[in-house]
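**Student:** Input structure: upload09.txt, which contains compact mmCIF, C-alpha atoms.
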```
# COMPACT_ATOMS: atom_id res chain seq x y z
CA MET A 1309 93.59 71.70 114.56
CA ALA A 1310 96.37 69.40 113.44
CA ARG A 1311 95.90 67.35 110.31
CA LYS A 1312 95.97 63.61 110.85
CA GLN A 1313 98.45 61.64 108.85
CA ASP A 1314 95.80 59.62 107.03
CA GLU A 1315 93.90 62.70 105.83
CA MET A 1316 95.08 63.74 102.40
CA SER A 1317 94.53 67.31 101.24
CA LEU A 1318 94.28 68.46 97.65
CA ASP A 1319 97.82 69.85 97.98
CA ASP A 1320 99.05 66.39 99.05
CA GLU A 1321 97.33 64.77 96.09
CA LEU A 1322 98.78 67.33 93.67
CA THR A 1323 102.25 66.95 95.20
CA ALA A 1324 102.00 63.18 94.92
CA ALA A 1325 100.86 63.40 91.30
CA PHE A 1326 103.64 65.84 90.49
CA LEU A 1327 106.25 63.67 92.18
CA SER A 1328 105.05 60.56 90.38
CA GLU A 1329 105.24 62.34 87.01
CA GLU A 1330 108.61 63.99 87.69
CA GLU A 1331 110.42 61.13 89.39
CA GLY A 1332 108.98 58.15 87.59
CA ASN A 1333 107.96 55.70 90.33
CA ALA A 1334 107.74 58.19 93.21
CA GLY A 1335 104.23 58.88 94.49
CA LEU A 1336 101.80 58.31 97.32
CA SER A 1337 101.08 54.78 98.47
CA ASP A 1338 97.65 53.53 99.54
CA ASP A 1339 98.50 54.08 103.23
CA GLY A 1340 99.30 57.80 102.74
CA LEU A 1341 103.08 57.46 102.70
CA VAL A 1342 105.23 59.15 100.11
CA GLU A 1343 107.16 56.56 98.18
CA SER A 1344 110.59 57.35 96.85
CA ALA A 1345 111.83 56.29 93.45
CA ASP A 1346 113.35 53.18 95.00
CA ASP A 1347 109.91 52.15 96.36
CA ALA A 1348 110.96 52.60 100.01
CA PRO A 1349 108.07 54.36 101.81
CA VAL A 1350 109.02 57.67 103.42
CA GLU A 1351 106.74 59.08 106.10
CA GLU A 1352 105.10 62.36 105.27
CA GLU A 1353 106.24 65.28 107.41
CA TYR A 1354 103.71 66.07 110.15
CA VAL A 1355 102.08 69.40 109.40
CA ALA A 1356 100.29 71.38 112.11
CA GLU A 1357 97.61 73.61 110.64
CA THR A 1358 95.39 76.14 112.28
CA GLU A 1359 91.86 75.55 111.14
CA THR A 1360 89.12 78.08 111.63
CA THR A 1361 85.84 76.28 112.17
CA GLU A 1362 82.38 77.72 112.31
CA GLU A 1363 82.40 77.33 116.09
CA ASN A 1364 85.66 79.22 116.78
CA TRP A 1365 85.91 81.91 114.07
CA GLU A 1366 84.52 84.58 116.38
CA ASP A 1367 86.96 83.66 119.16
CA GLU A 1368 89.94 84.09 116.83
CA THR A 1369 88.96 87.54 115.59
CA GLU A 1370 87.43 88.89 118.78
CA ASN A 1371 90.74 90.00 120.30
CA LEU A 1372 92.17 91.55 117.14
CA PRO A 1373 91.55 95.23 116.43
CA GLY A 1374 90.00 95.96 113.05
CA GLN A 1375 92.06 97.38 110.22
CA LEU A 1376 91.35 100.82 108.85
CA ALA A 1377 91.50 101.17 105.06
CA VAL A 1378 93.63 104.11 103.92
CA ASP A 1379 94.78 105.88 100.76
CA VAL A 1380 98.25 107.46 100.81
CA TYR A 1381 99.46 109.77 98.05
CA GLU A 1382 101.73 112.76 97.39
CA THR A 1383 101.26 116.14 95.82
CA ALA A 1384 104.14 118.49 94.97
CA ASP A 1385 104.57 119.64 98.57
CA LYS A 1386 102.33 117.43 100.73
CA LEU A 1387 101.78 113.81 101.77
CA ILE A 1388 98.07 113.02 102.07
CA ILE A 1389 96.48 110.16 104.01
CA LYS A 1390 92.75 109.56 103.67
CA ALA A 1391 90.84 107.06 105.79
CA ARG A 1392 87.20 106.08 105.56
CA THR A 1393 85.85 106.75 109.04
CA ALA A 1394 82.09 106.89 108.50
CA GLY A 1395 80.18 106.70 111.76
CA ILE A 1396 83.16 107.58 113.96
CA GLU A 1397 83.00 110.70 116.08
CA ARG A 1398 86.01 113.01 116.54
CA LYS A 1399 86.20 112.16 120.23
CA ASP A 1400 86.56 108.45 119.36
CA LEU A 1401 89.59 109.01 117.06
CA ASP A 1402 93.24 109.15 118.10
CA VAL A 1403 95.89 110.21 115.58
CA SER A 1404 99.58 110.36 116.46
CA ILE A 1405 102.95 110.50 114.72
CA SER A 1406 106.41 109.63 115.97
CA ASP A 1407 109.58 109.05 113.94
CA ASN A 1408 107.66 109.17 110.65
CA ILE A 1409 105.23 106.46 111.84
CA LEU A 1410 101.55 107.45 111.77
CA THR A 1411 99.01 105.69 113.98
CA ILE A 1412 95.26 106.12 113.61
CA SER A 1413 93.11 104.33 116.18
CA GLY A 1414 89.71 104.59 117.70
CA VAL A 1415 86.40 102.95 118.46
CA LEU A 1416 83.47 102.43 116.11
CA SER A 1417 80.26 102.11 118.08
CA GLY A 1418 77.43 100.17 116.45
CA GLY A 1419 74.83 101.54 118.79
CA ASP A 1420 72.67 99.53 121.15
CA ASP A 1421 71.90 96.09 119.76
CA THR A 1422 71.43 94.31 123.08
CA ASN A 1423 67.75 93.68 122.27
CA ALA A 1424 68.61 91.64 119.17
CA THR A 1425 67.32 88.10 119.63
CA GLN A 1426 68.73 86.65 116.41
CA TRP A 1427 71.26 87.96 113.91
CA HIS A 1428 70.62 87.19 110.25
CA ILE A 1429 73.60 89.03 108.76
CA GLN A 1430 76.43 90.75 110.63
CA GLU A 1431 79.05 92.12 108.25
CA CYS A 1432 79.87 95.48 109.78
CA TYR A 1433 82.85 95.77 112.09
CA TRP A 1434 82.13 97.42 115.44
CA GLY A 1435 84.71 98.01 118.10
CA GLU A 1436 88.33 99.06 118.32
CA PHE A 1437 90.42 99.61 115.21
CA SER A 1438 93.99 100.63 114.62
CA ARG A 1439 96.27 101.31 111.67
CA THR A 1440 99.98 102.08 111.80
CA ILE A 1441 101.70 103.34 108.66
CA ALA A 1442 105.38 103.97 108.00
CA LEU A 1443 105.20 107.14 105.93
CA PRO A 1444 106.92 106.76 102.54
CA VAL A 1445 108.61 110.19 102.66
CA GLN A 1446 110.00 112.37 105.43
CA VAL A 1447 107.41 114.85 106.69
CA VAL A 1448 107.42 117.87 108.95
CA GLU A 1449 105.70 116.38 111.99
CA ASP A 1450 104.63 119.81 113.26
CA GLY A 1451 103.23 120.83 109.88
CA VAL A 1452 100.11 118.67 109.83
CA GLU A 1453 96.43 119.30 109.23
CA ALA A 1454 93.76 116.72 110.09
CA VAL A 1455 90.14 117.18 108.98
CA LEU A 1456 87.16 114.87 109.55
CA LYS A 1457 84.44 115.64 107.01
CA ASP A 1458 81.64 113.50 105.54
CA GLY A 1459 83.03 110.31 107.08
CA VAL A 1460 86.54 110.78 105.66
CA LEU A 1461 89.57 111.60 107.80
CA THR A 1462 92.12 113.53 105.73
CA ILE A 1463 95.59 114.10 107.15
CA ALA A 1464 97.94 116.38 105.20
CA PHE A 1465 101.63 116.60 106.08
CA GLU A 1466 104.13 119.05 104.67
CA LYS A 1467 106.93 117.10 103.06
CA GLU A 1468 110.43 117.80 104.36
CA LYS A 1469 112.55 119.69 101.88
CA VAL A 1470 115.29 117.44 100.62
CA GLU A 1471 118.41 119.30 99.70
CA GLU A 1472 120.05 118.49 96.43
CA PRO A 1473 123.36 116.73 96.87
CA LYS A 1474 126.31 119.11 96.62
CA ARG A 1475 128.99 118.28 94.12
CA ILE A 1476 132.44 118.00 95.58
CA THR A 1477 135.30 118.87 93.29
CA ILE A 1478 138.20 116.48 93.43
CA ASN A 1479 141.61 118.15 93.16
```
The structure given in the file should be rewritten as structure tokens.

**Tutor:**
Amino acid sequence: MARKQDEMSLDDELTAAFLSEEEGNAGLSDDGLVESADDAPVEEEYVAETETTEENWEDETENLPGQLAVDVYETADKLIIKARTAGIERKDLDVSISDNILTISGVLSGGDDTNATQWHIQECYWGEFSRTIALPVQVVEDGVEAVLKDGVLTIAFEKEKVEEPKRITIN
């Protein structure tokens, strides 16, 4: 929803107060116009904002896949990715890697709640999720082990061996 020119936000008020302190006479006039130091009103730039209201918040998030929280860390010879996947079955997970980019996606089913007549609290995310991660180090894409245990997906990659730079003698 676009902000009307006569509606002043807290940011506008703070900006006006800052301008009036910094520039002496500059500030916001009674009609919502920014006044310059020479008292000539200058129209405020029209700002289009996207507002999420109580009525449309579900519509905005309904088409977006959920994000999967991950931990990524290294050991001496491996790169480890852990993702909390409680309630997700193996058959509902898809893990792929291409050009050092890892993608984990799937579907989290909340069960059958079609008989619910009224929701009191709904905080859990149910549905499709996806996470794409650019791996921080080069890995051997064929040397990977993925294990789903106790609601945690652990993916372990062998790190590619990086050769030490060779010194070149200058004659």

**Student:** How many Å separate atom CA of A:Ala1394 from atom CA of A:Tyr1381?

**Tutor:**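 Answer for the atom CA of A:Ala1394 to atom CA of A:Tyr1381 separation: 20.5 Å.
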
**Student:** Restricting the calculation to only C-alpha atoms, which member of A:Val1448, A:Ala1424, A:Ile1396, A:Ile1429 is positioned closest to A:Ile1409?

**Tutor:**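 Smallest distance to A:Ile1409 is found for A:Val1448.
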
**Student:** Which polymer residues, protein or nucleic acid, are no farther than 12 Å from (94.9, 114.4, 108.0), counting all atoms listed in the file, as a VMD selection string?

**Tutor:** chain A and resid 1378 to 1381 1386 to 1393 1401 to 1405 1410 to 1412 1449 1451 to 1457 1460 to 1466

**Student:** Within 8 Å of (105.1, 107.7, 108.6) (coordinates as in the file), grab all the protein and nucleic acid residues, counting only C-alpha atoms, and write them out as a ChimeraX atom specification.

**Tutor:** /A:1405-1410,1441-1447
